[in-house]
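S.K.: I have a structure I would like to understand better, so I am pasting it below and will then ask my questions one at a time.
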2 protein chains.
Amino acid sequence: MEDEKTHCSDGEGCRRILEAAENLFADKGFDAASMNAIAARAGISKANIYHYFPNKDALYLAVLRAASGNLRALLAEAVASHGSVTEVLRHFAKSHLEALLERPRLVRLVWREVLEKGAPRARELAEQGFAGVFSALVDILVVGQERGELRPDFDPALVASLLIGANVFFFQARDILRHYPPVHFADDPAAYDEGLVDLLLRGLEAAHGGQPNPVR
Amino acid sequence: MEDEKTHCSDGEGCRRILEAAENLFADKGFDAASMNAIAARAGISKANIYHYFPNKDALYLAVLRAASGNLRALLAEAVASHGSVTEVLRHFAKSHLEALLERPRLVRLVWREVLEKGAPRARELAEQGFAGVFSALVDILVVGQERGELRPDFDPALVASLLIGANVFFFQARDILRHYPPVHFADDPAAYDEGLVDLLLRGLEAAHGGQPNPVR
DNA sequence: CAAGCAACCGACCAGACGGTCAGCCTCATT
DNA sequence: AATGAGGCTGACCGTCTGGTCGGTTGCTTG
């Protein structure tokens, strides 16, 4: 009554199914990843997949659920806060991007779900992973403002969106950025985030020893 | 010998095929958009599509080629430069995002191609649209630095990537940003870019009336 | 030993897929 | 009036899809 139908999480065979499905779904998308291909990749028969999962959608959902959980756990480490707000910010940017690059398949899998307009298969699931990171980052910025370490006259949500967006974009466009001559940071994400945060802090940091002058 | 096989660009019927295909490819992706569905949407028979295009891939390529061209033309207007560098920058950010939001199907179509790892169907094509905007923006920033309007100690490519990335991210994540309480700019892209550029200029602008102090 | 049950498979199904083909209609050229 | 070519179609093909079914293992429980 509890495990419904997806009584997975135990069997060895089941793990291989999920693993194979994750790879194929992430690489090719839902439609292009056939059950035959998944079965072959997992080294089992197709019929056996249907012993564990009632249909393709359920398998996809299970894969996405697992991926979403893993990704959230991975990203949670990025928002571990200690030290001054600016230090926390630097640490966040760096480890957030590192987390994305460390497990590209997970990110592609979840983000694909965000982009898909046609089928709201599991939007909520994908959004959850986003929600945690986003609100944690907003909290960091608000604390920074309350402490007086950061200007009070900017929108924390906007900065959070900008920071996360810059990292997501780097992750997505890395390959095409790589062969633009003026880009030298495509293979050095740490340098990217360092420059990025430097740039932002210029505008975010309260003027040293003076009251902040309002924007505009 | 010139038009190879895709002798389109004339017939009325052909235009409808391309239009229907663009819609379906953009909404559902290559695999999920069937030739039957495209034909139905275009109001013609499936066989007729094969009168104009040798196969599905060629049709997709033609759609992508057209979309890429249109998108590039649309984005080209965003980099029309006049006035001071900071004005140009504000104008770019605003109209670049507006262009993205104005033709979401085009953007999704082209960007999907960038994200797809499995099949390099037409990466180059998608990248071309990106190249123009990116290098134009870098040029703007370099000019700003040469004129002394912008700090000389930041990486123009990094800022360009950040700016474009922020817009692309806004475009992609808009729907999920919309229902986060701290986000008030999801339905106001102009406000988003205004805040964004304000934020950046704080760090980019040369200090008024003083020599710029080096970063770090 | 027998019963039972989860794991697993080969063979199969109806339907949808991309793609082909013979032929019809229209219309400009001769 | 005859011709031929392009726009267009319904019927069809082989293949592959998601999904089912009957049956065979092999381990656990009585």
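Here's how to read the names in the structure tokens: chain A, B, ... by the order shown, residue numbers from 1 in each chain, ligand numbers from 1 in the order shown.
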Would you list the contacts of segment 127-139 of chain B as a ChimeraX atom specification, taking every protein, DNA or RNA residue within 10 Å and counting only C-alpha atoms (C1' of nucleotides), but skipping same-chain residues closer than 4 positions in sequence?
M.R.: /A:173,176-177,180-182 /B:67-81,88-89,92-93,96,110-111,113-114,122-123,143-145,155-161,163-164
S.K.: Residues of chain D that have any atom at most 12 Å from an atom of chain A: could you tabulate them with the shortest-distance atom pair and the distance in Å to one decimal, using only C-alpha atoms (C1' of nucleotides), ordered by chain and increasing number, as a tab-separated table?
M.R.:
residue	atom	partner	partner_atom	distance
D:DC16	C1'	A:Ser34	CA	9.7
D:DT17	C1'	A:Ser34	CA	7.7
D:DG18	C1'	A:Met35	CA	7.5
D:DG19	C1'	A:Asn55	CA	7.7
D:DT20	C1'	A:Ala47	CA	8.8
D:DC21	C1'	A:Ala47	CA	10.1
S.K.: Using only C-alpha atoms, which of the listed residues (A:Ile44, A:Ala39, A:Ile17, A:Leu109) sits closest to chain B?
M.R.: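 The closest residue to chain B is A:Leu109.
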S.K.: Residues near DG23 of chain C, anyone? I mean within 12 Å using only C-alpha atoms (C1' of nucleotides), not counting same-chain ones fewer than 6 positions away, as a list in words.
M.R.: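 Using only C-alpha atoms (C1' of nucleotides), the neighbours found are DC8, DT9, DG10 and DA11 of chain D.
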S.K.: Restricting the calculation to only C-alpha atoms (C1' of nucleotides): of B:Ala26, B:His51, B:Glu87, B:Asp193, which residue gets closest to chain C?
M.R.: B:His51
S.K.: When you get a sec, could you note down which chain A residues fall within 7 Å of chain B, using only C-alpha atoms, as a ChimeraX atom specification?
M.R.: /A:27-28,31-32,115,117-118,127,157,162,165-166,169,172,176,182-183,199-200,202-203
S.K.: What separation in Å, quoted to one decimal, exists between atom CA of Ile49 of chain B and atom CA of Gly13 of chain B?
M.R.: 9.3 Å
S.K.: Give me, as a PyMOL selection string, all polymer residues having an atom no more than 12 Å from DT30 of chain C, counting only C-alpha atoms (C1' of nucleotides) and skipping those fewer than 5 positions away in the same chain.
M.R.: chain D and resi 1-4
S.K.: List every residue of segment 4-214 of chain B that DSSP, applied to the backbone of this structure, places in alpha helix (DSSP H), and write the result as number ranges by chain.
M.R.: B: 12-28, 35-42, 46-52, 56-76, 85-102, 104-115, 123-147, 156-178, 189-204
